[in-house]
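What's in model_34.txt: compact mmCIF, C-alpha atoms
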# COMPACT_ATOMS: atom_id res chain seq x y z
CA MET C 1 29.86 58.90 -116.89
CA ALA C 2 28.07 61.49 -114.79
CA HIS C 3 30.24 64.32 -116.10
CA TYR C 4 28.76 63.99 -119.59
CA GLU C 5 25.32 64.76 -118.23
CA ASN C 6 26.59 68.02 -116.80
CA LYS C 7 27.62 70.07 -119.81
CA MET C 8 29.69 73.16 -119.24
CA ILE C 9 28.13 76.41 -120.34
CA CYS C 10 30.39 78.82 -122.19
CA PRO C 11 31.35 81.67 -119.87
CA LYS C 12 31.57 84.02 -122.85
CA CYS C 13 28.46 83.32 -125.00
CA GLY C 14 26.29 80.95 -122.96
CA ALA C 15 26.32 78.07 -125.46
CA GLU C 16 26.74 74.44 -124.43
CA MET C 17 30.38 73.45 -124.63
CA ASN C 18 31.82 70.26 -126.11
CA HIS C 19 33.85 68.07 -123.77
CA HIS C 20 36.56 66.97 -126.22
CA ALA C 21 39.48 65.84 -124.06
CA ASP C 22 40.59 64.61 -120.67
CA LYS C 23 44.11 65.53 -119.60
CA LEU C 24 46.05 63.90 -116.80
CA VAL C 25 47.69 66.65 -114.75
CA ASP C 26 49.70 66.81 -111.56
CA PRO C 27 47.74 67.66 -108.41
CA VAL C 28 48.61 71.28 -107.62
CA LYS C 29 45.41 72.87 -106.33
CA ALA C 30 44.46 72.91 -102.67
CA ASP C 31 41.52 70.52 -103.03
CA ASP C 32 43.15 68.21 -105.58
CA ALA C 33 43.88 65.51 -103.00
CA LYS C 34 40.30 64.29 -103.03
CA HIS C 35 40.24 64.12 -106.84
CA ILE C 36 43.42 62.11 -107.38
CA ASN C 37 42.87 59.06 -109.53
CA LEU C 38 45.31 56.59 -108.02
CA ALA C 39 45.11 54.22 -110.98
CA LEU C 40 46.15 56.98 -113.39
CA GLY C 41 48.55 58.73 -111.05
CA GLY C 42 47.13 62.23 -111.13
CA VAL C 43 44.06 64.38 -111.55
CA ILE C 44 41.88 64.43 -114.65
CA GLU C 45 41.23 67.88 -116.09
CA GLU C 46 38.27 67.95 -118.48
CA MET C 47 38.80 70.15 -121.54
CA HIS C 48 35.77 71.90 -123.05
CA TYR C 49 35.42 73.96 -126.24
CA CYS C 50 32.63 76.30 -127.30
CA PRO C 51 31.34 75.66 -130.84
CA GLY C 52 29.67 79.07 -130.76
CA CYS C 53 32.54 81.42 -130.03
CA GLY C 54 35.64 79.24 -129.72
CA ALA C 55 36.20 79.81 -126.01
CA VAL C 56 38.06 77.18 -124.02
CA ALA C 57 37.39 76.08 -120.46
CA SER C 58 38.39 73.27 -118.16
CA ARG C 59 37.44 71.75 -114.84
CA ARG C 60 38.51 68.89 -112.63
CA GLU C 61 36.69 65.64 -113.35
CA ARG C 62 33.97 64.96 -110.80
CA MET H 1 33.07 73.85 -138.41
CA ASN H 2 31.78 77.27 -137.51
CA SER H 3 33.06 78.89 -140.69
CA ALA H 4 31.92 82.35 -139.58
CA ARG H 5 35.00 82.52 -137.40
CA PRO H 6 38.25 82.81 -139.38
CA LEU H 7 41.11 80.59 -138.35
CA SER H 8 43.63 82.18 -136.03
CA ILE H 9 47.27 81.18 -136.47
CA PRO H 10 49.68 83.33 -134.46
CA VAL H 11 53.43 83.03 -134.82
CA ILE H 12 55.44 82.77 -131.61
CA LEU H 13 58.97 84.13 -131.76
CA GLY H 14 60.63 81.92 -129.18
CA THR H 15 63.81 83.74 -128.27
CA THR H 16 64.71 86.86 -126.35
CA ARG H 17 68.34 87.04 -127.47
CA LYS H 18 69.53 90.42 -128.78
CA GLY H 19 70.30 90.39 -132.49
CA ARG H 20 68.29 87.19 -133.01
CA MET H 21 67.98 86.11 -136.65
CA SER H 22 64.85 84.17 -135.76
CA HIS H 23 63.02 87.49 -135.85
CA HIS H 24 63.41 87.56 -139.64
CA ALA H 25 62.10 84.00 -139.91
CA ALA H 26 59.10 84.78 -137.70
CA ARG H 27 58.26 87.90 -139.66
CA PHE H 28 58.53 85.93 -142.90
CA MET H 29 56.10 83.31 -141.57
CA VAL H 30 53.62 86.01 -140.54
CA GLU H 31 53.80 87.44 -144.07
CA GLN H 32 53.16 84.03 -145.62
CA ILE H 33 50.16 83.35 -143.37
CA ALA H 34 48.76 86.82 -144.01
CA LYS H 35 48.55 86.00 -147.74
CA ARG H 36 45.96 83.34 -146.99
CA GLU H 37 42.27 84.20 -146.97
CA LYS H 38 40.16 83.91 -143.83
CA ILE H 39 43.14 83.45 -141.56
CA LEU H 40 44.18 85.86 -138.84
CA THR H 41 47.77 86.01 -137.69
CA GLU H 42 50.08 88.08 -135.57
CA LEU H 43 53.60 87.95 -134.23
CA ILE H 44 53.91 87.10 -130.54
CA ASP H 45 57.40 88.07 -129.39
CA ILE H 46 58.19 86.41 -126.07
CA SER H 47 60.72 89.14 -125.29
CA LYS H 48 57.79 91.55 -124.97
CA MET H 49 55.96 89.44 -122.41
CA PRO H 50 56.04 90.42 -118.74
CA LEU H 51 56.69 86.93 -117.43
CA PRO H 52 58.33 86.68 -114.02
CA THR H 53 61.00 84.04 -113.47
CA ASP H 54 60.53 83.66 -109.72
CA ASP H 55 57.68 81.20 -110.29
CA ALA H 56 56.59 78.94 -113.13
CA GLY H 57 53.68 77.21 -114.82
CA GLU H 58 50.15 78.57 -114.74
CA ALA H 59 51.07 80.72 -111.74
CA VAL H 60 52.79 83.15 -114.13
CA LYS H 61 50.10 83.10 -116.81
CA ASP H 62 49.87 86.35 -118.76
CA ALA H 63 46.23 87.21 -119.51
CA ALA H 64 46.90 88.60 -122.97
CA PHE H 65 48.97 85.58 -124.02
CA SER H 66 46.39 83.20 -122.56
CA ASP H 67 43.65 84.93 -124.55
CA LYS H 68 45.65 84.68 -127.78
CA MET H 69 46.33 80.99 -127.19
CA ALA H 70 42.65 80.35 -126.41
CA ARG H 71 41.60 82.02 -129.68
CA ALA H 72 44.28 80.26 -131.73
CA ASP H 73 43.42 77.28 -133.94
CA ALA H 74 47.07 76.57 -134.67
CA LEU H 75 50.47 77.83 -133.62
CA VAL H 76 53.61 78.44 -135.60
CA ILE H 77 56.51 78.30 -133.16
CA VAL H 78 59.79 79.76 -134.36
CA THR H 79 62.68 78.43 -132.34
CA PRO H 80 66.40 78.89 -132.70
CA GLU H 81 68.72 76.08 -131.68
CA TYR H 82 70.79 76.98 -128.62
CA ASN H 83 73.18 74.28 -127.41
CA HIS H 84 71.27 71.61 -129.37
CA SER H 85 67.88 72.52 -127.91
CA PHE H 86 65.20 75.20 -127.80
CA PRO H 87 65.42 78.28 -125.51
CA GLY H 88 64.45 77.77 -121.90
CA LEU H 89 62.41 80.96 -121.87
CA LEU H 90 60.28 79.62 -124.72
CA LYS H 91 59.33 76.65 -122.55
CA HIS H 92 58.74 78.95 -119.59
CA VAL H 93 56.23 80.89 -121.70
CA LEU H 94 54.51 77.81 -123.12
CA ASP H 95 54.26 76.18 -119.69
CA SER H 96 52.13 79.09 -118.47
CA CYS H 97 49.06 77.72 -120.30
CA LEU H 98 47.46 74.32 -120.82
CA LYS H 99 43.72 74.25 -121.58
CA GLU H 100 44.34 76.89 -124.24
CA TYR H 101 46.37 74.41 -126.35
CA ILE H 102 44.41 71.20 -126.18
CA HIS H 103 43.63 69.62 -129.58
CA LYS H 104 45.16 72.49 -131.54
CA ALA H 105 47.64 72.19 -134.38
CA ALA H 106 51.25 73.27 -134.16
CA GLY H 107 54.14 73.52 -136.55
CA ILE H 108 57.74 74.28 -135.70
CA VAL H 109 60.12 76.53 -137.60
CA GLY H 110 63.76 75.86 -136.73
CA VAL H 111 66.51 78.43 -137.09
CA SER H 112 70.24 77.95 -136.79
CA ALA H 113 73.47 79.70 -137.65
CA GLY H 114 74.84 76.36 -138.85
CA PRO H 115 73.54 74.07 -141.57
CA PHE H 116 71.01 71.93 -139.69
CA GLY H 117 68.14 74.38 -139.47
CA GLY H 118 67.26 73.73 -135.86
CA VAL H 119 66.48 70.03 -136.31
CA ARG H 120 67.89 69.09 -132.90
CA ALA H 121 65.85 71.80 -131.20
CA ILE H 122 62.76 70.55 -133.02
CA GLN H 123 63.37 66.94 -131.99
CA ASP H 124 63.73 68.09 -128.39
CA PHE H 125 60.56 70.12 -128.66
CA LEU H 126 58.24 67.35 -129.85
CA PRO H 127 57.62 65.62 -126.50
CA VAL H 128 56.93 68.99 -124.88
CA MET H 129 54.31 69.83 -127.46
CA ARG H 130 52.72 66.43 -127.04
CA GLU H 131 52.39 66.90 -123.29
CA LEU H 132 50.88 70.35 -123.81
CA GLY H 133 48.13 68.76 -125.92
CA LEU H 134 49.29 70.31 -129.18
CA VAL H 135 49.10 68.21 -132.35
CA ASN H 136 52.31 68.59 -134.28
CA ILE H 137 52.34 68.42 -138.07
CA PHE H 138 54.94 66.48 -140.06
CA TRP H 139 56.26 69.49 -141.98
CA ASP H 140 58.86 71.81 -140.50
CA VAL H 141 60.58 74.83 -141.99
CA ASN H 142 64.33 74.73 -141.36
CA PHE H 143 66.27 77.96 -141.70
CA GLY H 144 69.82 76.63 -141.68
CA ASN H 145 72.72 79.02 -142.27
CA VAL H 146 70.19 81.69 -141.51
CA SER H 147 72.56 84.59 -142.11
CA LYS H 148 72.55 83.60 -145.79
CA VAL H 149 68.78 83.18 -146.00
CA PHE H 150 68.01 86.78 -145.05
CA ASP H 151 69.98 89.90 -145.86
CA GLU H 152 70.96 92.49 -143.22
CA THR H 153 67.60 94.20 -143.53
CA GLY H 154 65.70 90.96 -142.99
CA LYS H 155 64.67 90.56 -146.61
CA LEU H 156 64.46 86.98 -147.83
CA ALA H 157 67.45 86.15 -150.02
CA ASP H 158 66.61 82.51 -150.72
CA THR H 159 63.21 82.30 -152.37
CA ALA H 160 63.05 78.50 -152.04
CA PHE H 161 61.64 79.18 -148.58
CA VAL H 162 58.42 80.54 -150.05
CA ASN H 163 57.54 77.11 -151.43
CA ARG H 164 58.70 75.36 -148.24
CA ALA H 165 56.56 77.64 -146.09
CA ASP H 166 53.64 77.06 -148.45
CA LYS H 167 53.79 73.27 -147.98
CA PHE H 168 54.14 73.69 -144.24
CA LEU H 169 51.14 76.02 -144.06
CA ASN H 170 48.96 73.82 -146.28
CA GLU H 171 49.40 70.99 -143.81
CA LEU H 172 49.04 73.20 -140.74
CA ILE H 173 45.80 74.76 -142.00
CA TRP H 174 44.35 71.35 -142.87
CA MET H 175 45.15 70.14 -139.37
CA ALA H 176 43.78 73.33 -137.80
CA LYS H 177 40.46 72.99 -139.65
CA THR H 178 40.18 69.32 -138.82
CA LEU H 179 40.90 69.84 -135.14
CA ARG H 180 38.51 72.76 -134.91
CA TYR H 181 35.80 70.53 -136.38
CA GLY H 182 36.62 67.96 -133.72
CA ARG H 183 36.58 70.48 -130.88
CA ASP H 184 33.29 71.87 -132.18
CA ASN H 185 31.49 68.62 -132.85
CA ILE H 186 33.06 65.46 -131.50
CA ALA H 187 32.60 64.68 -127.84
CA LEU H 188 35.09 62.54 -126.00
CA ASP H 189 32.65 59.66 -125.63
CA ALA H 190 31.35 59.81 -129.21
What's the structure tokens form of this structure?
Amino acid sequence: MAHYENKMICPKCGAEMNHHADKLVDPVKADDAKHINLALGGVIEEMHYCPGCGAVASRRER
Amino acid sequence: MNSARPLSIPVILGTTRKGRMSHHAARFMVEQIAKREKILTELIDISKMPLPTDDAGEAVKDAAFSDKMARADALVIVTPEYNHSFPGLLKHVLDSCLKEYIHKAAGIVGVSAGPFGGVRAIQDFLPVMRELGLVNIFWDVNFGNVSKVFDETGKLADTAFVNRADKFLNELIWMAKTLRYGRDNIALDA
């Protein structure tokens, strides 16, 4: 669960973001091949939300 | 919930067809939302969006639309029923975003020239919304026989829709508040 120790910081207000969802998406980015979760059949995109200003952000699961 | 920020509930008008009656329904929904306190709303007309059709998905993301979806706590999507489904261009627009929608509430308003009020379009729409990460409510507003619901100027002729929209919005706002609380406070591993 290393990704929980690495909180995203809101790009708009600098607050710590809340990781509230993981979404299975198709691999479309150039470096997605190394992130493919074969058991799930795709790439996990982490979804983060800022409690301070309501901004949304996402990143590939590490 | 961070109550300092008002809820944002835009209304998406999901058709580009000339002479569309859905425009009246979308405007009506904006008016109903605007009556509520501490809620921001606006009409997003997909016919005004500069979306190319020579690519698809996040590659054609429009920055202004993305920003509105990111700020939204809930969406009202007004869709006509064309050939028993929703318009392809509406899906093209919605497919241009993803992270902006996750764990946000959505309600669908169906519009049809015939009596069914867009129910087949709505049924078709549900799996799409699910995959986009939107949380659909169990109320719809169905504008069947829409040419009788609004007069030529777009004024509501059937006032029963005020109460229907009220029930729909009560549920949508409850879901929007609940999901914002979750996005604010509840981590995935909690």
> What are the residues of chain H that have an atom within 6 Å of an atom of chain C, counting all atoms listed in the file, as a ChimeraX atom specification?
Replying inline: /H:183-184,187-188
> With all atoms listed in the file as the atoms that count, which of C:Ile9, C:Gly14, C:Ala30, C:His35 lies nearest to Glu61 of chain C?
Replying inline: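 Counting all atoms listed in the file, the residue closest to Glu61 of chain C is C:His35.
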>> So the first atom is atom CA of Glu31 of chain H and the second is atom CA of Leu75 of chain H; what is the distance between them in Å, to one decimal place?
In response: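 Interatomic distance, atom CA of Glu31 of chain H to atom CA of Leu75 of chain H: 14.6 Å.
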> What is the distance, in Å and to one decimal place, between atom CA of Pro115 of chain H and atom CA of Ala25 of chain H?
Replying inline: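 Pair atom CA of Pro115 of chain H / atom CA of Ala25 of chain H returns 15.2 Å.
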> Which residues, protein or nucleic acid, reach to within 8 Å of (52.6, 68.9, -131.9) in the file's coordinates when using only C-alpha atoms, and can you give that as a PyMOL selection string?
Replying inline: chain H and resi 105-107+126+129-130+133-137
> Between atom CA of Asn185 of chain H and atom CA of Glu16 of chain C, what is the distance, to one decimal in Å?
Replying inline: 11.3 Å
> Within 6 Å of segment 80-91 of chain H, counting only C-alpha atoms, which residues qualify if same-chain residues fewer than 4 places away don't, as a PyMOL selection string?
Replying inline: chain H and resi 14+95+110-112+118+120-121
Pick out the residues sitting within 8 Å of Asp158 of chain H, and hand them over as a PDB file with C-alpha atoms, in the coordinates of the input; count all atoms listed in the file, and ignore anything fewer than 4 positions along from it in its own chain.
ATOM      1  CA  LYS H 148      72.550  83.600-145.790  1.00  0.00           C
ATOM      2  CA  VAL H 149      68.780  83.180-146.000  1.00  0.00           C
ATOM      3  CA  PHE H 150      68.010  86.780-145.050  1.00  0.00           C
TER       4      PHE H 150
END
> Pick the closest to Pro27 of chain C from C:Arg60, C:Ala39, C:Asn6, C:Cys13: which is it, counting all atoms listed in the file?
Replying inline: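 Closest to Pro27 of chain C, using all atoms listed in the file: C:Arg60.
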First collect every listed atom of segment 31-45 of chain C; then fit an axis-aligned box around them, widen it by 3 Å on each side, and give centre and edge lengths in Å to one decimal, as lines of an AutoDock Vina configuration file.
center_x = 44.4
center_y = 62.4
center_z = -109.5
size_x = 14.3
size_y = 22.3
size_z = 19.1
Which neighbours of Leu169 of chain H fall inside 12 Å, counting all atoms listed in the file, when residues of the same chain fewer than 2 positions from it are skipped, and could you give them as a compact mmCIF listing (two decimals) with C-alpha atoms, in the frame of the given file?
# COMPACT_ATOMS: atom_id res chain seq x y z
CA ILE H 9 47.27 81.18 -136.47
CA VAL H 11 53.43 83.03 -134.82
CA MET H 29 56.10 83.31 -141.57
CA VAL H 30 53.62 86.01 -140.54
CA GLU H 31 53.80 87.44 -144.07
CA GLN H 32 53.16 84.03 -145.62
CA ILE H 33 50.16 83.35 -143.37
CA ALA H 34 48.76 86.82 -144.01
CA LYS H 35 48.55 86.00 -147.74
CA ARG H 36 45.96 83.34 -146.99
CA ILE H 39 43.14 83.45 -141.56
CA ALA H 74 47.07 76.57 -134.67
CA LEU H 75 50.47 77.83 -133.62
CA VAL H 76 53.61 78.44 -135.60
CA ALA H 105 47.64 72.19 -134.38
CA ALA H 106 51.25 73.27 -134.16
CA GLY H 107 54.14 73.52 -136.55
CA ILE H 108 57.74 74.28 -135.70
CA VAL H 109 60.12 76.53 -137.60
CA ILE H 137 52.34 68.42 -138.07
CA PHE H 138 54.94 66.48 -140.06
CA TRP H 139 56.26 69.49 -141.98
CA ASP H 140 58.86 71.81 -140.50
CA VAL H 141 60.58 74.83 -141.99
CA PHE H 161 61.64 79.18 -148.58
CA VAL H 162 58.42 80.54 -150.05
CA ASN H 163 57.54 77.11 -151.43
CA ARG H 164 58.70 75.36 -148.24
CA ALA H 165 56.56 77.64 -146.09
CA ASP H 166 53.64 77.06 -148.45
CA LYS H 167 53.79 73.27 -147.98
CA GLU H 171 49.40 70.99 -143.81
CA LEU H 172 49.04 73.20 -140.74
CA ILE H 173 45.80 74.76 -142.00
CA TRP H 174 44.35 71.35 -142.87
CA MET H 175 45.15 70.14 -139.37
CA ALA H 176 43.78 73.33 -137.80
CA LYS H 177 40.46 72.99 -139.65
